[in-house]
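Raw final-v2.pdb, PDB, C-alpha atoms, pLDDT in the B column:
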```pdb
ATOM      1  CA  MET A   1      45.755 -24.693 -25.769  1.00 82.00           C
ATOM      2  CA  ALA A   2      43.844 -21.528 -24.941  1.00 92.00           C
ATOM      3  CA  ILE A   3      40.212 -22.012 -23.995  1.00 96.00           C
ATOM      4  CA  GLN A   4      37.972 -21.047 -26.908  1.00 93.00           C
ATOM      5  CA  LEU A   5      34.226 -20.846 -27.301  1.00 94.00           C
ATOM      6  CA  ASN A   6      33.303 -23.543 -29.829  1.00 96.00           C
ATOM      7  CA  HIS A   7      29.505 -23.305 -30.042  1.00 97.00           C
ATOM      8  CA  THR A   8      26.401 -22.246 -28.219  1.00 97.00           C
ATOM      9  CA  ILE A   9      22.834 -23.472 -28.529  1.00 96.00           C
ATOM     10  CA  VAL A  10      20.157 -20.997 -29.562  1.00 97.00           C
ATOM     11  CA  HIS A  11      16.618 -22.131 -28.768  1.00 95.00           C
ATOM     12  CA  ALA A  12      14.036 -21.406 -31.440  1.00 96.00           C
ATOM     13  CA  THR A  13      10.446 -22.204 -32.284  1.00 94.00           C
ATOM     14  CA  ASP A  14      11.638 -23.139 -35.802  1.00 95.00           C
ATOM     15  CA  LYS A  15      15.379 -23.844 -35.811  1.00 97.00           C
ATOM     16  CA  ARG A  16      15.737 -23.708 -39.588  1.00 97.00           C
ATOM     17  CA  ALA A  17      13.805 -20.441 -39.986  1.00 97.00           C
ATOM     18  CA  SER A  18      15.811 -18.782 -37.209  1.00 97.00           C
ATOM     19  CA  ALA A  19      19.127 -20.082 -38.548  1.00 98.00           C
ATOM     20  CA  HIS A  20      18.275 -18.848 -42.038  1.00 98.00           C
ATOM     21  CA  HIS A  21      17.225 -15.440 -40.659  1.00 98.00           C
ATOM     22  CA  LEU A  22      20.559 -14.898 -38.918  1.00 98.00           C
ATOM     23  CA  ALA A  23      22.607 -16.343 -41.777  1.00 98.00           C
ATOM     24  CA  HIS A  24      20.849 -14.100 -44.288  1.00 98.00           C
ATOM     25  CA  VAL A  25      21.283 -10.944 -42.213  1.00 98.00           C
ATOM     26  CA  LEU A  26      24.957 -11.629 -41.497  1.00 98.00           C
ATOM     27  CA  GLY A  27      25.748 -12.907 -44.999  1.00 97.00           C
ATOM     28  CA  LEU A  28      26.649 -16.393 -43.746  1.00 98.00           C
ATOM     29  CA  GLU A  29      25.675 -19.937 -44.699  1.00 97.00           C
ATOM     30  CA  VAL A  30      23.490 -22.372 -42.815  1.00 98.00           C
ATOM     31  CA  GLY A  31      25.256 -25.695 -42.338  1.00 97.00           C
ATOM     32  CA  ALA A  32      23.800 -29.163 -42.672  1.00 97.00           C
ATOM     33  CA  ASP A  33      21.815 -30.330 -39.673  1.00 97.00           C
ATOM     34  CA  THR A  34      23.899 -32.172 -37.112  1.00 95.00           C
ATOM     35  CA  GLY A  35      21.627 -34.255 -34.945  1.00 95.00           C
ATOM     36  CA  PRO A  36      18.980 -31.908 -33.502  1.00 96.00           C
ATOM     37  CA  PHE A  37      20.936 -28.758 -34.447  1.00 98.00           C
ATOM     38  CA  THR A  38      20.985 -26.406 -37.434  1.00 98.00           C
ATOM     39  CA  PRO A  39      24.373 -24.643 -37.308  1.00 98.00           C
ATOM     40  CA  VAL A  40      25.456 -21.202 -38.466  1.00 98.00           C
ATOM     41  CA  ASP A  41      29.253 -20.913 -38.556  1.00 97.00           C
ATOM     42  CA  THR A  42      30.426 -17.399 -37.723  1.00 96.00           C
ATOM     43  CA  GLY A  43      33.800 -17.934 -39.399  1.00 91.00           C
ATOM     44  CA  ASN A  44      35.965 -17.691 -36.286  1.00 93.00           C
ATOM     45  CA  GLY A  45      35.550 -21.288 -35.163  1.00 92.00           C
ATOM     46  CA  VAL A  46      32.277 -20.654 -33.327  1.00 96.00           C
ATOM     47  CA  THR A  47      28.902 -21.969 -34.401  1.00 98.00           C
ATOM     48  CA  LEU A  48      25.467 -20.980 -33.241  1.00 98.00           C
ATOM     49  CA  ASP A  49      23.578 -24.257 -33.140  1.00 98.00           C
ATOM     50  CA  PHE A  50      19.858 -23.580 -33.470  1.00 98.00           C
ATOM     51  CA  ALA A  51      17.617 -26.135 -31.758  1.00 97.00           C
ATOM     52  CA  ASN A  52      13.867 -26.365 -31.528  1.00 95.00           C
ATOM     53  CA  HIS A  53      12.770 -25.472 -28.025  1.00 90.00           C
ATOM     54  CA  PRO A  54      10.981 -28.407 -26.427  1.00 80.00           C
ATOM     55  CA  GLY A  55       8.101 -26.130 -25.451  1.00 72.00           C
ATOM     56  CA  ASP A  56       7.020 -28.306 -22.562  1.00 64.00           C
ATOM     57  CA  ASP A  57       8.456 -26.255 -19.707  1.00 64.00           C
ATOM     58  CA  GLY A  58       5.670 -23.676 -19.769  1.00 59.00           C
ATOM     59  CA  GLN A  59       8.165 -20.824 -19.980  1.00 74.00           C
ATOM     60  CA  GLY A  60       8.685 -20.442 -23.688  1.00 82.00           C
ATOM     61  CA  ILE A  61      11.960 -19.257 -25.170  1.00 90.00           C
ATOM     62  CA  GLN A  62      14.063 -17.049 -22.934  1.00 90.00           C
ATOM     63  CA  SER A  63      15.571 -14.166 -24.870  1.00 92.00           C
ATOM     64  CA  GLN A  64      19.364 -14.169 -25.082  1.00 96.00           C
ATOM     65  CA  HIS A  65      21.802 -11.584 -26.439  1.00 97.00           C
ATOM     66  CA  TYR A  66      24.268 -12.319 -29.245  1.00 98.00           C
ATOM     67  CA  ALA A  67      26.756  -9.673 -30.418  1.00 97.00           C
ATOM     68  CA  PHE A  68      28.818  -9.942 -33.596  1.00 98.00           C
ATOM     69  CA  LEU A  69      31.979  -7.936 -34.195  1.00 97.00           C
ATOM     70  CA  VAL A  70      32.161  -7.196 -37.934  1.00 98.00           C
ATOM     71  CA  SER A  71      34.299  -5.140 -40.296  1.00 97.00           C
ATOM     72  CA  GLU A  72      33.071  -1.826 -41.684  1.00 97.00           C
ATOM     73  CA  GLU A  73      32.496  -3.502 -45.054  1.00 98.00           C
ATOM     74  CA  GLU A  74      30.542  -6.360 -43.480  1.00 98.00           C
ATOM     75  CA  PHE A  75      28.508  -3.833 -41.484  1.00 98.00           C
ATOM     76  CA  ASP A  76      27.466  -2.090 -44.717  1.00 98.00           C
ATOM     77  CA  GLY A  77      26.186  -5.363 -46.197  1.00 98.00           C
ATOM     78  CA  ILE A  78      24.418  -6.399 -42.990  1.00 98.00           C
ATOM     79  CA  PHE A  79      22.798  -2.990 -42.591  1.00 98.00           C
ATOM     80  CA  ALA A  80      21.629  -3.036 -46.226  1.00 98.00           C
ATOM     81  CA  ARG A  81      20.058  -6.493 -45.793  1.00 98.00           C
ATOM     82  CA  VAL A  82      18.291  -5.420 -42.579  1.00 98.00           C
ATOM     83  CA  GLN A  83      16.856  -2.366 -44.334  1.00 98.00           C
ATOM     84  CA  GLU A  84      15.866  -4.397 -47.427  1.00 97.00           C
ATOM     85  CA  GLN A  85      14.009  -6.894 -45.226  1.00 96.00           C
ATOM     86  CA  GLY A  86      12.221  -4.123 -43.329  1.00 97.00           C
ATOM     87  CA  ILE A  87      13.622  -5.363 -40.021  1.00 98.00           C
ATOM     88  CA  THR A  88      13.232  -2.819 -37.227  1.00 98.00           C
ATOM     89  CA  TYR A  89      16.615  -1.900 -35.774  1.00 98.00           C
ATOM     90  CA  TYR A  90      17.690   0.224 -32.838  1.00 98.00           C
ATOM     91  CA  SER A  91      20.753   2.151 -31.739  1.00 98.00           C
ATOM     92  CA  GLY A  92      20.848   0.688 -28.250  1.00 96.00           C
ATOM     93  CA  PRO A  93      19.927  -2.284 -26.084  1.00 94.00           C
ATOM     94  CA  THR A  94      16.907  -0.536 -24.581  1.00 94.00           C
ATOM     95  CA  TYR A  95      15.194  -0.565 -27.991  1.00 94.00           C
ATOM     96  CA  ASP A  96      13.827   2.943 -27.537  1.00 93.00           C
ATOM     97  CA  ASP A  97      15.480   4.527 -30.585  1.00 94.00           C
ATOM     98  CA  PRO A  98      14.110   2.734 -33.670  1.00 97.00           C
ATOM     99  CA  GLY A  99      15.600   3.432 -37.088  1.00 98.00           C
ATOM    100  CA  ASN A 100      18.974   4.641 -35.787  1.00 98.00           C
ATOM    101  CA  ILE A 101      22.447   3.181 -35.339  1.00 98.00           C
ATOM    102  CA  ASN A 102      25.027   4.038 -32.695  1.00 98.00           C
ATOM    103  CA  ARG A 103      28.584   5.296 -33.097  1.00 97.00           C
ATOM    104  CA  ARG A 104      30.146   4.006 -29.884  1.00 96.00           C
ATOM    105  CA  ASP A 105      33.937   4.014 -29.653  1.00 96.00           C
ATOM    106  CA  ASP A 106      34.173   5.602 -33.130  1.00 95.00           C
ATOM    107  CA  GLY A 107      32.487   2.579 -34.690  1.00 98.00           C
ATOM    108  CA  ARG A 108      28.970   1.706 -35.767  1.00 98.00           C
ATOM    109  CA  GLY A 109      26.439  -0.671 -34.322  1.00 98.00           C
ATOM    110  CA  PHE A 110      22.777  -1.563 -34.004  1.00 98.00           C
ATOM    111  CA  TYR A 111      20.416  -4.096 -32.466  1.00 98.00           C
ATOM    112  CA  TRP A 112      17.429  -6.074 -33.730  1.00 98.00           C
ATOM    113  CA  HIS A 113      15.274  -8.985 -32.590  1.00 97.00           C
ATOM    114  CA  ASP A 114      15.345 -12.328 -34.346  1.00 97.00           C
ATOM    115  CA  PRO A 115      12.076 -14.231 -34.964  1.00 95.00           C
ATOM    116  CA  ASP A 116      12.106 -15.635 -31.401  1.00 95.00           C
ATOM    117  CA  GLY A 117      12.931 -12.359 -29.674  1.00 95.00           C
ATOM    118  CA  HIS A 118      16.654 -12.928 -29.202  1.00 97.00           C
ATOM    119  CA  ALA A 119      18.544  -9.639 -29.031  1.00 97.00           C
ATOM    120  CA  MET A 120      21.022  -9.508 -31.915  1.00 98.00           C
ATOM    121  CA  GLU A 121      23.749  -6.874 -32.180  1.00 98.00           C
ATOM    122  CA  VAL A 122      26.409  -6.001 -34.738  1.00 98.00           C
ATOM    123  CA  LEU A 123      29.259  -3.634 -33.964  1.00 98.00           C
ATOM    124  CA  THR A 124      32.396  -2.584 -35.797  1.00 98.00           C
ATOM    125  CA  VAL A 125      34.474  -1.696 -32.726  1.00 98.00           C
ATOM    126  CA  PRO A 126      34.448  -3.662 -29.461  1.00 96.00           C
ATOM    127  CA  TYR A 127      33.272  -1.872 -26.335  1.00 93.00           C
ATOM    128  CA  GLY A 128      36.124   0.271 -25.054  1.00 93.00           C
ATOM    129  CA  GLY A 129      37.772   0.335 -28.488  1.00 93.00           C
ATOM    130  CA  PHE A 130      40.468  -1.840 -29.984  1.00 90.00           C
ATOM    131  CA  PRO A 131      43.552  -2.454 -27.839  1.00 88.00           C
ATOM    132  CA  THR A 132      46.406  -0.108 -28.661  1.00 82.00           C
TER     133      THR A 132
END
```

So that I can check it, write out the structure of this file as structure tokens.
Amino acid sequence: MAIQLNHTIVHATDKRASAHHLAHVLGLEVGADTGPFTPVDTGNGVTLDFANHPGDDGQGIQSQHYAFLVSEEEFDGIFARVQEQGITYYSGPTYDDPGNINRRDDGRGFYWHDPDGHAMEVLTVPYGGFPT
């Protein structure tokens, strides 16, 4: 069997609020809690399992980056929901170009921060383009 990513844990101050934020933006469903986790299934066998950060390490939540490859049609829905919610979005990972998307590799993409400061990205073409 090929090695596959099955899930990753996303620390949050409020696991349910963060899971619902991402699920709403991406047009996905939040699953039933499994132990200490609130899962969002991305549809390709991978879940993002949101967990409340213990908050006792004195460091807070460390920002992580999560990128989602989506179809052009899915991008349109995601982009519409981001705009409807008034979420600030950016064309690049330096967050210095608010209100714009990028067109890398003949696709479209943008970045935004989730409620805990995680860097979220959607793109319609993987970096370097699709294999030919």

Long-range neighbours of range 24-38 of chain A as number ranges by chain, 6 Å cut-off, only C-alpha atoms, 5 positions minimum in chain: A: 49-51, 78, 81

Expected file contents, prior selection, C-alpha atoms, as an mmCIF file, keeping the file's coordinate frame:
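To be explicit, this is the file written out as selection37.cif:
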```
data_model
loop_
_atom_site.group_PDB
_atom_site.id
_atom_site.type_symbol
_atom_site.label_atom_id
_atom_site.label_comp_id
_atom_site.auth_asym_id
_atom_site.auth_seq_id
_atom_site.Cartn_x
_atom_site.Cartn_y
_atom_site.Cartn_z
ATOM 1 C CA ASP A 49 23.578 -24.257 -33.140
ATOM 2 C CA PHE A 50 19.858 -23.580 -33.470
ATOM 3 C CA ALA A 51 17.617 -26.135 -31.758
ATOM 4 C CA ILE A 78 24.418 -6.399 -42.990
ATOM 5 C CA ARG A 81 20.058 -6.493 -45.793
#
```

d(CA of Thr47 in chain A, CA of Val10 in chain A) in Å: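 Answer for the CA of Thr47 in chain A to CA of Val10 in chain A separation: 10.0 Å.
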
Could you state which residues are captured by the PyMOL selection byres ((chain A and resi 113) around 12) in this file, as a PyMOL selection string? chain A and resi 18+21-22+25+63-67+82+87-90+92-95+98+110-112+114-122

Next, the residues of the selection above should be written as a short mmCIF file (atom, residue, chain, number, x, y, z; two decimals), in the frame of the given file with C-alpha atoms.
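Final output, selection-v4.cif:
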```cif
data_model
loop_
_atom_site.label_atom_id
_atom_site.label_comp_id
_atom_site.auth_asym_id
_atom_site.auth_seq_id
_atom_site.Cartn_x
_atom_site.Cartn_y
_atom_site.Cartn_z
CA SER A 18 15.81 -18.78 -37.21
CA HIS A 21 17.23 -15.44 -40.66
CA LEU A 22 20.56 -14.90 -38.92
CA VAL A 25 21.28 -10.94 -42.21
CA SER A 63 15.57 -14.17 -24.87
CA GLN A 64 19.36 -14.17 -25.08
CA HIS A 65 21.80 -11.58 -26.44
CA TYR A 66 24.27 -12.32 -29.24
CA ALA A 67 26.76 -9.67 -30.42
CA VAL A 82 18.29 -5.42 -42.58
CA ILE A 87 13.62 -5.36 -40.02
CA THR A 88 13.23 -2.82 -37.23
CA TYR A 89 16.61 -1.90 -35.77
CA TYR A 90 17.69 0.22 -32.84
CA GLY A 92 20.85 0.69 -28.25
CA PRO A 93 19.93 -2.28 -26.08
CA THR A 94 16.91 -0.54 -24.58
CA TYR A 95 15.19 -0.56 -27.99
CA PRO A 98 14.11 2.73 -33.67
CA PHE A 110 22.78 -1.56 -34.00
CA TYR A 111 20.42 -4.10 -32.47
CA TRP A 112 17.43 -6.07 -33.73
CA ASP A 114 15.34 -12.33 -34.35
CA PRO A 115 12.08 -14.23 -34.96
CA ASP A 116 12.11 -15.64 -31.40
CA GLY A 117 12.93 -12.36 -29.67
CA HIS A 118 16.65 -12.93 -29.20
CA ALA A 119 18.54 -9.64 -29.03
CA MET A 120 21.02 -9.51 -31.92
CA GLU A 121 23.75 -6.87 -32.18
CA VAL A 122 26.41 -6.00 -34.74
#
```

Between CA of Gln85 in chain A and CA of Ala19 in chain A - distance in Å to one decimal: 15.6 Å

Identify all residues satisfying the PyMOL selection byres ((chain A and resi 124) around 12) in the given file; provide them as a count of residues only. 31

Provide the CA of Asn6 in chain A to CA of Thr42 in chain A distance in Å, to one decimal place. 10.4 Å

Mind checking which residues fall within 12 Å of Leu5 in chain A, counting all atoms listed in the file, ignoring those fewer than 4 positions away in the same chain, and posting them as number ranges by chain? A: 9, 42, 44-48

What are the centre and edge lengths in Å, to one decimal, of the axis-aligned box around all listed atoms of range 122-130 of chain A with 8 Å added on each side, as JSON?
```
{"center_x": 33.4, "center_y": -2.8, "center_z": -30.4, "size_x": 30.1, "size_y": 22.3, "size_z": 26.7}
```

Residues matched by the PyMOL selection byres ((chain A and resi 61) around 8) as a list in words: His11, Ala12, Thr13, His53, Gly55, Gln59, Gly60, Gln62, Ser63 and Asp116 of chain A

Taking only C-alpha atoms into account, name the residue in A:Arg16, A:Gly86, A:Asp97, A:Ala2 that is nearest to Asn52 in chain A. A:Arg16
